[in-house]
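Q: Before anything else, here's the structure in question.
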2 protein chains.
Amino acid sequence: MVVVTDMDPEALASTATFQLGTVGAVVTERFTRAVAAHDLKPKHAGVLQALLLFPGISQQELAQSMGVAPSLMVGLLDHLEAADAVRRERDPGDRRRQVIEVTAEGRRLFALCAESAAAIESELLDGLGERAGEFRLALAEIAGNLGLPSGKPR
Amino acid sequence: MVVVTDMDPEALASTATFQLGTVGAVVTERFTRAVAAHDLKPKHAGVLQALLLFPGISQQELAQSMGVAPSLMVGLLDHLEAADAVRRERDPGDRRRQVIEVTAEGRRLFALCAESAAAIESELLDGLGERAGEFRLALAEIAGNLGLPSGKPR
DNA sequence: ATGAATCATTCACGAGCTGAATGATTTTCG
DNA sequence: CGAAAATCATTCAGCTCGTGAATGATTCAT
C-alpha cells in the first residue's frame, strides 16, 4: 500500500505563487534592461514614482514606503541627483530633513520609464486578447490588497 | 504653451509591468519565509520541481532550464544532498555527468513547498472571489508564453 | 593518438541590501 | 533653562546571491 500521495510533479509550478514569482522575475529583468538605457535601475523609477505621488516626503518616509533601509535610499538619491533628476535641499523648518524635489529632467526620465513599462506590458498581454482587461483589474486589486501602489489601469 | 504632457503620477504604478514586479517580489518573499522553515530557499524548491519533471537531467541542463550559471547549481545540490533530498551518482555511461536522484525525503520536502505555495495563493486570491479562476488561467498562459514552467491550474 | 569539446567544481569578484555606528539637529521634560 | 532622549541623513563593514574565468577529469572527433 502506497502511503505517500501520488505526487503531481507540477504541484508547485501550477500555483499562482510560483508563477507570480517567476513571471515577476522575468518582467523585472526586462524592465531593468529597458531603464538601463537611461542609466537607471528599477528602484530609481520607484523612487521617482513615490516622490511624484507624495511630494515633500522625507528620505526616511520614502525608504519606508518602498520597504528598504534608509541607508539604501542615500545611494539611490545620490545617483538621481547626479543625473539632475532630483534636488536635495535642507528643510528650513527642520534642518535634519532633506526636502527632495523632482526636476523637469526627473519627470522626463520618469515618463520614459513609464513608457518602457507600458511597452513591456503590451508584449506580455498580447496573447491574452480581450481577457487582458480582466487580468489587469484583478492584478491591480491584488497589488492593492498587499498595500502596494496600484493606480487604476488606464 | 505647455509642451510636456500633463504627467499622471501613477503612470508607472498602474502598469501591469510594475505590478507584476512588485507583487512577484512580495509573493517570493512570503514563499522564502515559508520554505525557510524546512531549511530551503525558493531555488531549492525549483530544483526539486525540475528534477521531478525531467528525471535523469544533468546538472548543466538543470542549470540551463532554470536560467542560472552551472556553478550556482553545485551549491544548491550540495545543500539538497546534505538534507538527504537528493543523491548524486556518476553516470556509468558518461562519467563526467552526475545523475541526480530525488529521494523520498526530497519528495516529502517538495510536497511541503507545494503546500506552502498553495496556502500563500489562497491568501492572495481570497479577495478576488469567482474572478480568481480567470486570473489563474491568464497568469498560467502568460507564464507559458514566456517559456516558464506553468502546469494547468488544478 | 591527439586535440577539441563537455562536465562538475572551485575561486575571485561585483551587485544589492542590511544593521550598527556617527554627527547634526530637534524634542521632551525635570 | 538645560540635559537626556529621539530623529534624520550618512558612512561603513558585512552578508547573500549571483556571475564568469580557471581547473581537472572525461569523452568525442578525426
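Residues are named by chain letter and number: chains run A, B, ... in the order of the C-alpha cells, numbers start at 1 in each chain, and ligands are numbered from 1 in the order shown.
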Quick check: residues of chain C within 8 Å of chain B, only C-alpha atoms (C1' of nucleotides), returned as a list in words.

A: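 Using only C-alpha atoms (C1' of nucleotides), chain C residues at most 8 Å from chain B: DC7, DA8 and DT9 of chain C.
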
Q: Run DSSP on the backbone of this structure and report the residues of range 1-121 of chain A it assigns to strand (DSSP E), as a ChimeraX atom specification.

A: /A:86-90,98-102

Q: Give the helix (DSSP H, G or I) residues of range 75-154 of chain B, as DSSP finds them on the backbone, and put them as a ChimeraX atom specification.

A: /B:75-82,104-145

Q: Okay, now the selection with C-alpha atoms, as a PDB file, in the first residue's frame?

A:
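The resulting file, part-v1.pdb, is reproduced below:
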```pdb
ATOM      1  CA  GLY B  75      25.950  24.699  -4.133  1.00  0.00           C
ATOM      2  CA  LEU B  76      22.202  24.191  -4.450  1.00  0.00           C
ATOM      3  CA  LEU B  77      22.671  20.446  -4.958  1.00  0.00           C
ATOM      4  CA  ASP B  78      25.274  20.284  -2.189  1.00  0.00           C
ATOM      5  CA  HIS B  79      22.666  21.604   0.183  1.00  0.00           C
ATOM      6  CA  LEU B  80      19.906  19.316  -1.058  1.00  0.00           C
ATOM      7  CA  GLU B  81      22.261  16.380  -0.804  1.00  0.00           C
ATOM      8  CA  ALA B  82      23.218  17.298   2.761  1.00  0.00           C
ATOM      9  CA  ALA B 104      11.724  10.031  -0.650  1.00  0.00           C
ATOM     10  CA  GLU B 105      12.785  12.833   1.669  1.00  0.00           C
ATOM     11  CA  GLY B 106      13.158  15.068  -1.365  1.00  0.00           C
ATOM     12  CA  ARG B 107       9.636  14.298  -2.476  1.00  0.00           C
ATOM     13  CA  ARG B 108       8.407  14.993   1.029  1.00  0.00           C
ATOM     14  CA  LEU B 109      10.142  18.376   1.083  1.00  0.00           C
ATOM     15  CA  PHE B 110       8.813  19.180  -2.369  1.00  0.00           C
ATOM     16  CA  ALA B 111       5.285  18.405  -1.224  1.00  0.00           C
ATOM     17  CA  LEU B 112       5.746  20.751   1.724  1.00  0.00           C
ATOM     18  CA  CYS B 113       6.920  23.518  -0.610  1.00  0.00           C
ATOM     19  CA  ALA B 114       3.929  22.975  -2.859  1.00  0.00           C
ATOM     20  CA  GLU B 115       1.639  23.150   0.171  1.00  0.00           C
ATOM     21  CA  SER B 116       3.176  26.419   1.277  1.00  0.00           C
ATOM     22  CA  ALA B 117       2.757  27.836  -2.203  1.00  0.00           C
ATOM     23  CA  ALA B 118      -0.873  26.757  -2.265  1.00  0.00           C
ATOM     24  CA  ALA B 119      -1.518  28.364   1.117  1.00  0.00           C
ATOM     25  CA  ILE B 120       0.015  31.651   0.018  1.00  0.00           C
ATOM     26  CA  GLU B 121      -2.021  31.524  -3.172  1.00  0.00           C
ATOM     27  CA  SER B 122      -5.228  31.141  -1.188  1.00  0.00           C
ATOM     28  CA  GLU B 123      -4.485  34.276   0.798  1.00  0.00           C
ATOM     29  CA  LEU B 124      -3.593  36.196  -2.332  1.00  0.00           C
ATOM     30  CA  LEU B 125      -6.653  35.285  -4.348  1.00  0.00           C
ATOM     31  CA  ASP B 126      -9.014  35.377  -1.423  1.00  0.00           C
ATOM     32  CA  GLY B 127     -10.401  38.826  -2.180  1.00  0.00           C
ATOM     33  CA  LEU B 128     -10.925  38.020  -5.835  1.00  0.00           C
ATOM     34  CA  GLY B 129     -13.970  35.829  -5.445  1.00  0.00           C
ATOM     35  CA  GLU B 130     -15.044  33.954  -8.543  1.00  0.00           C
ATOM     36  CA  ARG B 131     -12.649  36.003 -10.705  1.00  0.00           C
ATOM     37  CA  ALA B 132      -9.780  34.005  -9.212  1.00  0.00           C
ATOM     38  CA  GLY B 133     -10.186  31.210 -11.743  1.00  0.00           C
ATOM     39  CA  GLU B 134      -9.920  33.552 -14.702  1.00  0.00           C
ATOM     40  CA  PHE B 135      -6.908  35.203 -13.165  1.00  0.00           C
ATOM     41  CA  ARG B 136      -5.101  31.925 -12.657  1.00  0.00           C
ATOM     42  CA  LEU B 137      -5.760  30.838 -16.224  1.00  0.00           C
ATOM     43  CA  ALA B 138      -4.488  34.119 -17.633  1.00  0.00           C
ATOM     44  CA  LEU B 139      -1.412  34.030 -15.406  1.00  0.00           C
ATOM     45  CA  ALA B 140      -0.591  30.462 -16.430  1.00  0.00           C
ATOM     46  CA  GLU B 141      -0.956  31.479 -20.053  1.00  0.00           C
ATOM     47  CA  ILE B 142       1.448  34.382 -19.615  1.00  0.00           C
ATOM     48  CA  ALA B 143       3.963  32.145 -17.868  1.00  0.00           C
ATOM     49  CA  GLY B 144       3.642  29.641 -20.698  1.00  0.00           C
ATOM     50  CA  ASN B 145       4.164  32.325 -23.332  1.00  0.00           C
TER      51      ASN B 145
END
```

Q: Quick one: contact table of chain D to chain A, 10 Å max, nearest atom pair and distance in Å to one decimal per residue, counting only C-alpha atoms (C1' of nucleotides), chain and number order, as a Markdown table?

A:
```
| residue | atom | partner | partner_atom | distance |
| --- | --- | --- | --- | --- |
| D:DT7 | C1' | A:Arg96 | CA | 8.1 |
| D:DC8 | C1' | A:Arg96 | CA | 5.1 |
| D:DA9 | C1' | A:Arg96 | CA | 7.3 |
| D:DT10 | C1' | A:Ser71 | CA | 7.3 |
| D:DT11 | C1' | A:Ser71 | CA | 8.8 |
```

Q: Find, counting only C-alpha atoms, the residue in B:Val47, B:Leu72, B:Ala36, B:Ile100 that gets nearest to chain A.

A: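 Nearest to chain A: B:Val47.
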
Q: What's the 10 Å shell around DC29 in chain C, counting only C-alpha atoms (C1' of nucleotides), without same-chain residues fewer than 2 positions away, as a PyMOL selection string?

A: (chain C and resi 27) or (chain D and resi 3-4)

Q: Looking at only C-alpha atoms, which of A:Thr32, A:Leu52, A:Ala83, A:Ala63 is the one that sits closest to chain B?

A: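 Using only C-alpha atoms, the shortest distance to chain B belongs to A:Leu52.
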
Q: Under the rule that only C-alpha atoms are counted, which of A:Ala45, A:Met7, A:Met66, A:Leu12 is the nearest residue to chain B?

A: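 The closest residue to chain B is A:Leu12.
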
Q: To one decimal place, how far is CA of Ser150 in chain B from CA of Ser14 in chain A in Å?

A: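 Going from CA of Ser150 in chain B over to CA of Ser14 in chain A, I get 5.4 Å.
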
Q: When you look at DA20 in chain C with a cut-off of 10 Å (counting only C-alpha atoms (C1' of nucleotides)), what residues show up, excluding the ones that are within fewer than 2 positions of it in the same chain? I need them as a count of residues only.

A: 4

Q: Which is closest to chain A among B:Ala50, B:Gly93, B:His44, B:Asp39, if we use only C-alpha atoms?

A: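 Looking at the shortest contact to chain A, the residue is B:Ala50.
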
Q: Which residue gives the smallest distance to chain B among A:Arg30, A:Lys43, A:Arg90, A:Lys152, with only C-alpha atoms counted?

A: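 The shortest atom-to-atom distance to chain B comes from A:Lys152.
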